[in-house]
2 protein chains.
Amino acid sequence: MFELKERDGLARICELRTGHGKVTTPALLPVVNPNQLTITPADMRDRFGVKILITNSYIIWNDPKLREEVERSDLHSLLGFDGPIMTDSGTFQNYVYGDVQVDHREIVRFQESIGADIGTILDVFSEPKFTREENEAAVAETLRRAGESIQLKGEMLLAGPVQGGIHTDLRSHCAEELSKMDFDVHPIGGVVPLLEGYRYEDLAEVIIASKKGLDPSRPVHLFGAGHPMVFPMAVLLGCDMFDSSSYAKYAREDRVMLPTGTRFLNDLYDLACSCPACSRTSVEELRQMPRADRTRIIAEHNLHISLRELDVVKNAIHEGSLWELVEMRARAHPSLLAALKVLRKHADYLERFENTSRHGAFFYCGPESYDRPTARRYRERFFSRYRRPEKQVLVGFEEAEKPYSRTYSREIASISSKVDASYLVASFFGPVPMELDEFYPLAQSLVPRDLDPCVLERMTRTMERHAHSHGYPLAVMWDGEETLDFLADLVPGPGRDDFDLLRCSAVLDMQFGRGAADILKGREVAFIKSRNTGKIRNVLVDGTHVLSMRAHDGRFTLKLEGARLLMGVLPPPAMRVTVHDDAVEFVAKGANVFAKFVLDCDPVIRPGDDVMVVDPGDKLVATGRALMVQEEMRAFEAGMAVRVKESRD
Amino acid sequence: MFELKERDGLARICELRTGHGKVTTPALLPVVNPNQLTITPADMRDRFGVKILITNSYIIWNDPKLREEVERSDLHSLLGFDGPIMTDSGTFQNYVYGDVQVDHREIVRFQESIGADIGTILDVFSEPKFTREENEAAVAETLRRAGESIQLKGEMLLAGPVQGGIHTDLRSHCAEELSKMDFDVHPIGGVVPLLEGYRYEDLAEVIIASKKGLDPSRPVHLFGAGHPMVFPMAVLLGCDMFDSSSYAKYAREDRVMLPTGTRFLNDLYDLACSCPACSRTSVEELRQMPRADRTRIIAEHNLHISLRELDVVKNAIHEGSLWELVEMRARAHPSLLAALKVLRKHADYLERFENTSRHGAFFYCGPESYDRPTARRYRERFFSRYRRPEKQVLVGFEEAEKPYSRTYSREIASISSKVDASYLVASFFGPVPMELDEFYPLAQSLVPRDLDPCVLERMTRTMERHAHSHGYPLAVMWDGEETLDFLADLVPGPGRDDFDLLRCSAVLDMQFGRGAADILKGREVAFIKSRNTGKIRNVLVDGTHVLSMRAHDGRFTLKLEGARLLMGVLPPPAMRVTVHDDAVEFVAKGANVFAKFVLDCDPVIRPGDDVMVVDPGDKLVATGRALMVQEEMRAFEAGMAVRVKESRD
């Protein structure tokens, strides 16, 4: 029903299957009001490429003429649209007008009877201004109705909205309870007042709290969010679906949507847009058009712009750069920037879903980048996983061109000819031991030299923590040849490092967990290197090729033999994905691991991690790349959990 | 020839008149290679709305067939384009291929003879890697050729490029010398290697150094800059023209341009673009097209995107939000962010051109916003212009909802019933006396609550400076009713402020200069206020309406009688624009002041300032709004310098 295809942290490109075809998410569902068609559904499909619509079943139910018509044919005929159609239930109408007179069971039955692909229960709108008691009541009533409604869904997919106002514990509670029922989609409801008030901090908190409670294998719909301004951040936090009536509503007030905000037509110097609607007119002509024409053109523009922003978001997910997009777009409004700052509180949660690597560089976008999951993960793992070589002396270097070991090769050669030392760079990401300098994201990052003082200060505190925790007897910052003379007097004896071995050990511990490097202990280790770049390509242990180092991110791809060695030093469940007995024979022959066949996996596994696929008796079946984390492997019914690289048979 | 229409600091929307029609700048001139027409000039005009092209006269001169054809007809016939055409001279070809064999006088004569609207001299390309001596030589030779070429321009407009590599003093020197000659356009040359190497810090320094030396009434062309990534910042720094061959070059390598960077077609998940080129195809179809079709479509996309980004920039100039756009776009690449940070060094220069006010709010976008000219100006003027009321006690409040005086009205009433105090808010912009709280940009700003610590620290230092410089005997931060009891014991006596008078005085000093508020001294001052908002609308002195306060920015519009009073307390040239005797009679009757009739003006006048227009004997002729600063009023031959509001006769 809902299958994960690509991801960037909690953000994901998925495929949602419905009775009227597949939809790729993140998706925008334009709201179609059958009484007021600014753009017809047929036009939406043909001229806008819209794949799924949303309309309001209560409006149809409540209008004798529409109701008669839909009961004579069906919803798809009524709207003239043969793709999937979602229906809302009247909850929002009740919130706005307070006069919805339909039983919650009847409206679900009605949606099912007219052929909605995705129906929605009649939940209780929880307003941001609600007291805790009011929200508790809204949640309780929503859950009660959910329990009664779920039995009536029939063939229809059913959406169970999360309520709870801005009480985040109620949101999580409501989400958990709804996840126990057989819902197919989870809208996050009651957020329109937050959107209208630019309360993006609260919005971010509400989304995160809801996501934490929800079954991760179900699509999440941010109900009523139709402005492209919020799409990147909402998707970053795990929202899959949006609906827009704003494109038309805004147009009726001559308000032009942009990915970065809204402008009144009269305030524009130029339309500054190449979309099909704007290409037909100039700003002057548009201003002078009859109202109906003007509204239609602005609505078309608004819809184009909104749809395109979700495509931009998909591109960012595809290339793993959604954080950069969000940090950039956050500059469109100080309230978005405030919401970005809030994410820092949830960095541990967000880190759990973050890919371990990507093609392309980490871009520094501002002080908030310091708390991006990738940066935090490096620091956290450095302190918990990295084991320093047995040296007396640590020589620190300033941030420089990457990779550092090439930039400082002359200095290192000079020092190691006299002193047996470790080397480190004080980087934006934290302390970077020289042997880790090619490990993603360290080499694959662009950070301006002139950093914000608050970032520098946090870097300094991290360096101090390192000095404290890793306890080198002597640590100095490199300051030219005098440093060398000073060191040579104190710590005689040149270094005799196998730098490749150091690199290999450090990457093993950082990538697979502290202790992984013990697979090299007491064994004969050899390296095959790239003739062009001098980088390690293959690692041979006792003559067997066990690991391959990827040029683009300095991490290992695990050979089957390497996995066997790792299993010897890392006790279960470390880096294992355990598959059902039924799947073993297929995976052993090279089939990928699908989520429904996963029994369990190490909670430490992150998307992109190289993992061991094992049978229930911890026997190695294959190696591969994880695409999901534990709770997703447990929850998803469809989709790939591990892309198998090398298999046993 | 070149007329200022709208501006946002150094950024400007201007009109350039040529032999083949007017062009609005900032403008992108697509490069047309007559030998390789990816998009025809006719298509550019009809389908892209391109108003001006650039082509290379050396390529035509050097190709017997083209040369014969152009000499038989003319340049416009050759290209099939009836709008303005600029020609380059072969300088860049000489830099790339080193084999340009044409005399610098001959190529200028050639350009003139074939009917180019704007020709370019054959200057010497100064590479970033040039030593100082090499750059000195390049500048000297460029200036020598410039002097010989300028005599040959005839009816053609002629472009004299600024050279000097990355030696900023040489750039300024070259710019100054060229400005003495009768050039019509000034390209900034030699920047392509900076652009290719993402050396945006150097680029910013080079542009600023060139601008500082250039006649401000001439258009500046950033030669070879065709990527939309650089447009917002380059325009912010005063560039008016760009040329793009990149749209086609990138397309030949399957590189898709975005306002925020470049992507290989193969790396895209979706085209994510609504332009006419992208609307015809999907990313999959495009990948599978024959090479020539693919290249054409990507080139068309690249050109659409590039043209639109300049329209986005124009919108930002129009609404005064270009800084916000630049700060947002700077997140597209850490090198752009580094360039943004460089601007801090030039904040004083940039401040001189910055508008005093705008419709719409100041948005905080990051730590760099602290150094935005508007923010720096407030702090600078607060220290140099604001005079504190004669109080013993200063009560400080935390940042809060704006306007502050409304938010804290209860506290102020409570304190002033017991203590005669001044009130202040510790804001992002610096110390804000309560009576200035509606003054732009203080009330008209959005700043997130959770500020970056480095910004907070700078705010604290500013507050300390204030405590020191304005010397209240007693200063406390408001901390509830206890503060009041504490104060009441120390400083007895309730306050008896006329808060409107305080506001009026503070705004007068801040807006017109320290001392301006003395016009109220010893006079009877009355206020007419808005019935809806309670805000001051008109100020009457001794019964005469002298000032009107604008609701949107809390600043005064000067009535003629107010101007007379101000002239009595502020000696010349303060806030005066002196016009030529010939213009006096027209301006006195309400005509606007055109730049060519300005004799001189106060160097402190900023765009948007309310000024006094006076005759050479310092007699008041009119009041109005300045659109230019001193050096622009002196330099521009066309365009309005002061929009007159009220005139003498």
# chains A, B, ... in the order shown; residues from 1 in each chain; ligands from 1
$ interface_residues --of "chain A" --to "chain B" --cutoff "8 Å" --atoms "only C-alpha atoms" --output "number ranges by chain"
A: 267-276, 279, 304-305, 308-312, 314-315, 318-319, 324, 327-329, 331-335, 337-338, 341, 363-367, 446-450, 452-454
$ residues_around --residues "region 638-643 of chain A" --least-positions-apart "6" --cutoff "9 Å" --atoms "only C-alpha atoms" --output "number ranges by chain"
A: 1-5, 217, 577, 591-598, 611, 613, 623-629, 632
$ residues_around --residues "region 182-185 of chain A" --least-positions-apart "2" --cutoff "8 Å" --atoms "only C-alpha atoms" --output "list in words"
Ile150, Leu157, Leu158, Ala159, Gly160, Leu178, Ser179, Lys180, Pro187, Arg218, Pro219, Val220 and His221 of chain A
$ atom_distance --atom1 "CA of Arg199 (chain A)" --atom2 "CA of Val100 (chain A)"
27.4 Å
$ select_by_dssp --residues "region 329-502 of chain B" --states "strand (DSSP E)" --output "ChimeraX atom specification"
/B:362-363,393-397,421-427,430-433,445-446,474-477
$ write_last_selection --atoms "N, CA, C and O atoms" --output "short mmCIF file (atom, residue, chain, number, x, y, z; two decimals), in the first residue's frame"
data_model
loop_
_atom_site.label_atom_id
_atom_site.label_comp_id
_atom_site.auth_asym_id
_atom_site.auth_seq_id
_atom_site.Cartn_x
_atom_site.Cartn_y
_atom_site.Cartn_z
N PHE B 362 11.63 44.40 8.12
CA PHE B 362 13.01 43.92 8.13
C PHE B 362 12.96 42.48 8.66
O PHE B 362 12.46 42.25 9.76
N PHE B 363 13.45 41.53 7.88
CA PHE B 363 13.47 40.13 8.32
C PHE B 363 14.87 39.75 8.78
O PHE B 363 15.84 39.92 8.04
N VAL B 393 16.59 58.14 35.94
CA VAL B 393 16.43 56.69 35.96
C VAL B 393 16.11 56.18 34.56
O VAL B 393 15.29 56.76 33.84
N LEU B 394 16.75 55.08 34.22
CA LEU B 394 16.42 54.39 32.98
C LEU B 394 15.90 53.00 33.35
O LEU B 394 16.57 52.25 34.06
N VAL B 395 14.70 52.68 32.88
CA VAL B 395 14.16 51.34 33.13
C VAL B 395 14.18 50.57 31.81
O VAL B 395 13.62 51.01 30.81
N GLY B 396 14.88 49.45 31.83
CA GLY B 396 15.00 48.63 30.63
C GLY B 396 14.00 47.50 30.62
O GLY B 396 13.67 46.93 31.67
N PHE B 397 13.50 47.17 29.43
CA PHE B 397 12.60 46.04 29.26
C PHE B 397 13.19 45.04 28.28
O PHE B 397 13.98 45.41 27.40
N ALA B 421 10.92 58.45 35.04
CA ALA B 421 11.94 57.60 34.40
C ALA B 421 11.88 57.68 32.89
O ALA B 421 10.90 58.14 32.30
N SER B 422 12.98 57.22 32.25
CA SER B 422 12.98 56.92 30.83
C SER B 422 12.84 55.42 30.67
O SER B 422 13.18 54.66 31.58
N TYR B 423 12.37 55.02 29.48
CA TYR B 423 12.13 53.60 29.24
C TYR B 423 12.81 53.17 27.96
O TYR B 423 12.86 53.93 26.98
N LEU B 424 13.27 51.94 27.98
CA LEU B 424 14.05 51.46 26.85
C LEU B 424 13.88 49.96 26.70
O LEU B 424 13.66 49.24 27.67
N VAL B 425 13.97 49.49 25.46
CA VAL B 425 13.93 48.05 25.21
C VAL B 425 15.27 47.61 24.63
O VAL B 425 15.84 48.29 23.76
N ALA B 426 15.78 46.50 25.14
CA ALA B 426 17.03 45.93 24.63
C ALA B 426 16.68 45.11 23.40
O ALA B 426 16.30 43.95 23.51
N SER B 427 16.79 45.72 22.23
CA SER B 427 16.32 45.06 21.01
C SER B 427 17.50 44.58 20.17
O SER B 427 18.65 44.96 20.40
N GLY B 430 19.59 47.31 18.87
CA GLY B 430 20.31 48.13 19.84
C GLY B 430 19.31 48.65 20.84
O GLY B 430 18.17 48.19 20.89
N PRO B 431 19.73 49.62 21.65
CA PRO B 431 18.80 50.16 22.64
C PRO B 431 17.70 50.95 21.93
O PRO B 431 18.00 51.77 21.08
N VAL B 432 16.47 50.67 22.29
CA VAL B 432 15.35 51.39 21.68
C VAL B 432 14.60 52.16 22.76
O VAL B 432 13.86 51.58 23.56
N PRO B 433 14.81 53.48 22.82
CA PRO B 433 14.02 54.29 23.75
C PRO B 433 12.55 54.11 23.40
O PRO B 433 12.19 54.03 22.23
N SER B 445 9.88 45.01 12.03
CA SER B 445 10.92 43.98 11.92
C SER B 445 10.43 42.69 12.54
O SER B 445 9.60 42.70 13.45
N LEU B 446 10.94 41.60 12.01
CA LEU B 446 10.65 40.28 12.57
C LEU B 446 11.97 39.61 12.90
O LEU B 446 12.80 39.37 12.01
N LEU B 474 21.04 56.12 37.05
CA LEU B 474 20.55 54.84 37.55
C LEU B 474 19.86 54.10 36.40
O LEU B 474 19.02 54.66 35.71
N ALA B 475 20.28 52.86 36.21
CA ALA B 475 19.65 52.05 35.16
C ALA B 475 19.34 50.68 35.71
O ALA B 475 20.17 50.04 36.35
N VAL B 476 18.09 50.23 35.50
CA VAL B 476 17.70 48.89 35.98
C VAL B 476 16.91 48.18 34.89
O VAL B 476 16.29 48.80 34.04
N MET B 477 16.96 46.86 34.93
CA MET B 477 16.09 46.08 34.06
C MET B 477 14.80 45.80 34.83
O MET B 477 14.83 45.41 35.99
#
$ select_by_dssp --residues "region 362-594 of chain B" --states "helix (DSSP H, G or I)" --output "PyMOL selection string"
chain B and resi 367-371+373-385+404-407+409-416+434-436+453-470+481-490+499-512+516-520+560-569+581-588
$ residues_around --residues "region 285-297 of chain B" --least-positions-apart "4" --cutoff "9 Å" --atoms "only C-alpha atoms" --output "list in words"
Thr38, Ile39, Ala248, Tyr250, Ala251, Arg252, Glu253, Asp254, Leu265, Asn266, Ala277, Cys278, Arg280, Thr281, His301 and Asn302 of chain B
$ residues_around --residues "region 203-211 of chain B" --least-positions-apart "2" --cutoff "8 Å" --atoms "only C-alpha atoms" --output "PyMOL selection string"
chain B and resi 162+165-169+171-172+174-175+188+191+194-195+199-201+213-216+234+237-239+339+342-343
$ write_last_selection --atoms "C-alpha atoms" --output "PDB file, in the first residue's frame"
ATOM      1  CA  VAL B 162      37.586  47.958 -15.275  1.00  0.00           C
ATOM      2  CA  GLY B 165      42.750  41.488 -11.015  1.00  0.00           C
ATOM      3  CA  ILE B 166      42.126  41.014  -7.328  1.00  0.00           C
ATOM      4  CA  HIS B 167      44.147  44.079  -6.382  1.00  0.00           C
ATOM      5  CA  THR B 168      41.334  46.229  -5.149  1.00  0.00           C
ATOM      6  CA  ASP B 169      43.283  49.490  -5.150  1.00  0.00           C
ATOM      7  CA  ARG B 171      40.458  48.236  -9.529  1.00  0.00           C
ATOM      8  CA  SER B 172      39.456  51.509  -7.862  1.00  0.00           C
ATOM      9  CA  CYS B 174      41.277  51.939 -13.041  1.00  0.00           C
ATOM     10  CA  ALA B 175      37.618  52.736 -12.383  1.00  0.00           C
ATOM     11  CA  ILE B 188      34.007  44.762 -14.672  1.00  0.00           C
ATOM     12  CA  VAL B 191      36.126  37.980 -13.238  1.00  0.00           C
ATOM     13  CA  LEU B 194      36.672  34.012  -9.965  1.00  0.00           C
ATOM     14  CA  LEU B 195      33.237  32.829 -11.009  1.00  0.00           C
ATOM     15  CA  ARG B 199      35.703  32.726  -5.418  1.00  0.00           C
ATOM     16  CA  TYR B 200      32.766  34.880  -4.422  1.00  0.00           C
ATOM     17  CA  GLU B 201      34.582  36.668  -1.617  1.00  0.00           C
ATOM     18  CA  GLY B 213      35.899  54.306  -8.308  1.00  0.00           C
ATOM     19  CA  LEU B 214      33.195  54.439 -10.959  1.00  0.00           C
ATOM     20  CA  ASP B 215      30.926  57.297 -11.966  1.00  0.00           C
ATOM     21  CA  PRO B 216      27.665  56.235 -10.265  1.00  0.00           C
ATOM     22  CA  ALA B 234      26.072  41.306  -7.734  1.00  0.00           C
ATOM     23  CA  LEU B 237      26.648  45.592  -4.941  1.00  0.00           C
ATOM     24  CA  GLY B 238      25.591  47.781  -7.850  1.00  0.00           C
ATOM     25  CA  CYS B 239      25.867  45.684 -11.013  1.00  0.00           C
ATOM     26  CA  ALA B 339      31.017  36.573   0.409  1.00  0.00           C
ATOM     27  CA  VAL B 342      32.786  39.955   3.630  1.00  0.00           C
ATOM     28  CA  LEU B 343      30.215  42.706   3.121  1.00  0.00           C
TER      29      LEU B 343
END
$ residues_around --residues "Ala526 (chain B)" --least-positions-apart "4" --cutoff "9 Å" --atoms "only C-alpha atoms" --output "PyMOL selection string"
chain B and resi 501+538-543
$ residues_around --residues "Arg255 (chain B)" --least-positions-apart "6" --cutoff "7 Å" --atoms "only C-alpha atoms" --output "number ranges by chain"
B: 262-265
$ write_last_selection --atoms "N, CA, C and O atoms" --output "short mmCIF file (atom, residue, chain, number, x, y, z; two decimals), in the first residue's frame"
data_model
loop_
_atom_site.label_atom_id
_atom_site.label_comp_id
_atom_site.auth_asym_id
_atom_site.auth_seq_id
_atom_site.Cartn_x
_atom_site.Cartn_y
_atom_site.Cartn_z
N THR B 262 23.78 24.40 -9.80
CA THR B 262 23.77 23.68 -11.07
C THR B 262 23.66 22.20 -10.77
O THR B 262 24.24 21.73 -9.78
N ARG B 263 22.91 21.47 -11.58
CA ARG B 263 22.83 20.03 -11.40
C ARG B 263 23.02 19.34 -12.74
O ARG B 263 22.55 19.86 -13.76
N PHE B 264 23.68 18.20 -12.75
CA PHE B 264 23.71 17.39 -13.95
C PHE B 264 22.33 16.78 -14.16
O PHE B 264 21.70 16.32 -13.19
N LEU B 265 21.91 16.76 -15.40
CA LEU B 265 20.59 16.20 -15.72
C LEU B 265 20.43 14.81 -15.10
O LEU B 265 19.37 14.47 -14.57
#
$ atom_distance --atom1 "CA of Ala551 (chain A)" --atom2 "CA of Ala375 (chain A)"
20.3 Å
$ closest_residue --among "A:Arg458, A:Arg555, A:Arg12, A:Lys51" --to "Arg503 (chain A)" --atoms "only C-alpha atoms"
A:Arg555
$ atom_distance --atom1 "CA of Phe527 (chain A)" --atom2 "CA of Val644 (chain A)"
24.5 Å
$ decode --residues "region 215-235 of chain A" --atoms "N, CA and C atoms" --output "PDB file, in the first residue's frame"
ATOM      1  N   ASP A 215       2.807   4.969  13.476  1.00  0.00           N
ATOM      2  CA  ASP A 215       3.398   3.841  12.749  1.00  0.00           C
ATOM      3  C   ASP A 215       4.174   4.418  11.562  1.00  0.00           C
ATOM      4  N   PRO A 216       5.481   4.148  11.498  1.00  0.00           N
ATOM      5  CA  PRO A 216       6.279   4.811  10.458  1.00  0.00           C
ATOM      6  C   PRO A 216       5.987   4.303   9.045  1.00  0.00           C
ATOM      7  N   SER A 217       5.198   3.251   8.934  1.00  0.00           N
ATOM      8  CA  SER A 217       4.929   2.722   7.592  1.00  0.00           C
ATOM      9  C   SER A 217       3.676   3.335   6.974  1.00  0.00           C
ATOM     10  N   ARG A 218       3.090   4.316   7.647  1.00  0.00           N
ATOM     11  CA  ARG A 218       1.880   4.929   7.100  1.00  0.00           C
ATOM     12  C   ARG A 218       2.155   6.366   6.670  1.00  0.00           C
ATOM     13  N   PRO A 219       1.506   6.761   5.574  1.00  0.00           N
ATOM     14  CA  PRO A 219       1.718   8.145   5.117  1.00  0.00           C
ATOM     15  C   PRO A 219       1.112   9.163   6.080  1.00  0.00           C
ATOM     16  N   VAL A 220       1.801  10.278   6.197  1.00  0.00           N
ATOM     17  CA  VAL A 220       1.363  11.354   7.087  1.00  0.00           C
ATOM     18  C   VAL A 220       0.951  12.559   6.243  1.00  0.00           C
ATOM     19  N   HIS A 221      -0.221  13.037   6.519  1.00  0.00           N
ATOM     20  CA  HIS A 221      -0.809  14.127   5.735  1.00  0.00           C
ATOM     21  C   HIS A 221      -0.929  15.361   6.624  1.00  0.00           C
ATOM     22  N   LEU A 222      -0.260  16.447   6.238  1.00  0.00           N
ATOM     23  CA  LEU A 222      -0.395  17.677   7.031  1.00  0.00           C
ATOM     24  C   LEU A 222      -1.643  18.413   6.542  1.00  0.00           C
ATOM     25  N   PHE A 223      -2.719  18.222   7.289  1.00  0.00           N
ATOM     26  CA  PHE A 223      -4.056  18.657   6.854  1.00  0.00           C
ATOM     27  C   PHE A 223      -4.159  20.172   6.788  1.00  0.00           C
ATOM     28  N   GLY A 224      -4.493  20.657   5.598  1.00  0.00           N
ATOM     29  CA  GLY A 224      -4.742  22.087   5.459  1.00  0.00           C
ATOM     30  C   GLY A 224      -3.507  22.905   5.142  1.00  0.00           C
ATOM     31  N   ALA A 225      -2.368  22.213   4.953  1.00  0.00           N
ATOM     32  CA  ALA A 225      -1.131  22.932   4.649  1.00  0.00           C
ATOM     33  C   ALA A 225      -0.995  23.018   3.139  1.00  0.00           C
ATOM     34  N   GLY A 226      -1.246  24.182   2.592  1.00  0.00           N
ATOM     35  CA  GLY A 226      -1.219  24.323   1.151  1.00  0.00           C
ATOM     36  C   GLY A 226      -0.265  25.393   0.676  1.00  0.00           C
ATOM     37  N   HIS A 227       0.511  25.954   1.587  1.00  0.00           N
ATOM     38  CA  HIS A 227       1.474  26.976   1.164  1.00  0.00           C
ATOM     39  C   HIS A 227       2.850  26.355   1.000  1.00  0.00           C
ATOM     40  N   PRO A 228       3.463  26.569  -0.184  1.00  0.00           N
ATOM     41  CA  PRO A 228       4.764  25.934  -0.434  1.00  0.00           C
ATOM     42  C   PRO A 228       5.845  26.334   0.573  1.00  0.00           C
ATOM     43  N   MET A 229       5.666  27.463   1.245  1.00  0.00           N
ATOM     44  CA  MET A 229       6.637  27.876   2.279  1.00  0.00           C
ATOM     45  C   MET A 229       6.930  26.789   3.288  1.00  0.00           C
ATOM     46  N   VAL A 230       5.902  26.003   3.645  1.00  0.00           N
ATOM     47  CA  VAL A 230       6.087  25.042   4.736  1.00  0.00           C
ATOM     48  C   VAL A 230       6.481  23.660   4.226  1.00  0.00           C
ATOM     49  N   PHE A 231       6.421  23.440   2.910  1.00  0.00           N
ATOM     50  CA  PHE A 231       6.657  22.088   2.407  1.00  0.00           C
ATOM     51  C   PHE A 231       8.030  21.530   2.784  1.00  0.00           C
ATOM     52  N   PRO A 232       9.123  22.265   2.515  1.00  0.00           N
ATOM     53  CA  PRO A 232      10.431  21.631   2.781  1.00  0.00           C
ATOM     54  C   PRO A 232      10.580  21.189   4.239  1.00  0.00           C
ATOM     55  N   MET A 233      10.229  22.055   5.174  1.00  0.00           N
ATOM     56  CA  MET A 233      10.410  21.668   6.572  1.00  0.00           C
ATOM     57  C   MET A 233       9.451  20.554   6.978  1.00  0.00           C
ATOM     58  N   ALA A 234       8.212  20.627   6.515  1.00  0.00           N
ATOM     59  CA  ALA A 234       7.244  19.595   6.876  1.00  0.00           C
ATOM     60  C   ALA A 234       7.687  18.234   6.330  1.00  0.00           C
ATOM     61  N   VAL A 235       8.207  18.214   5.131  1.00  0.00           N
ATOM     62  CA  VAL A 235       8.690  16.942   4.571  1.00  0.00           C
ATOM     63  C   VAL A 235       9.913  16.472   5.356  1.00  0.00           C
TER      64      VAL A 235
END
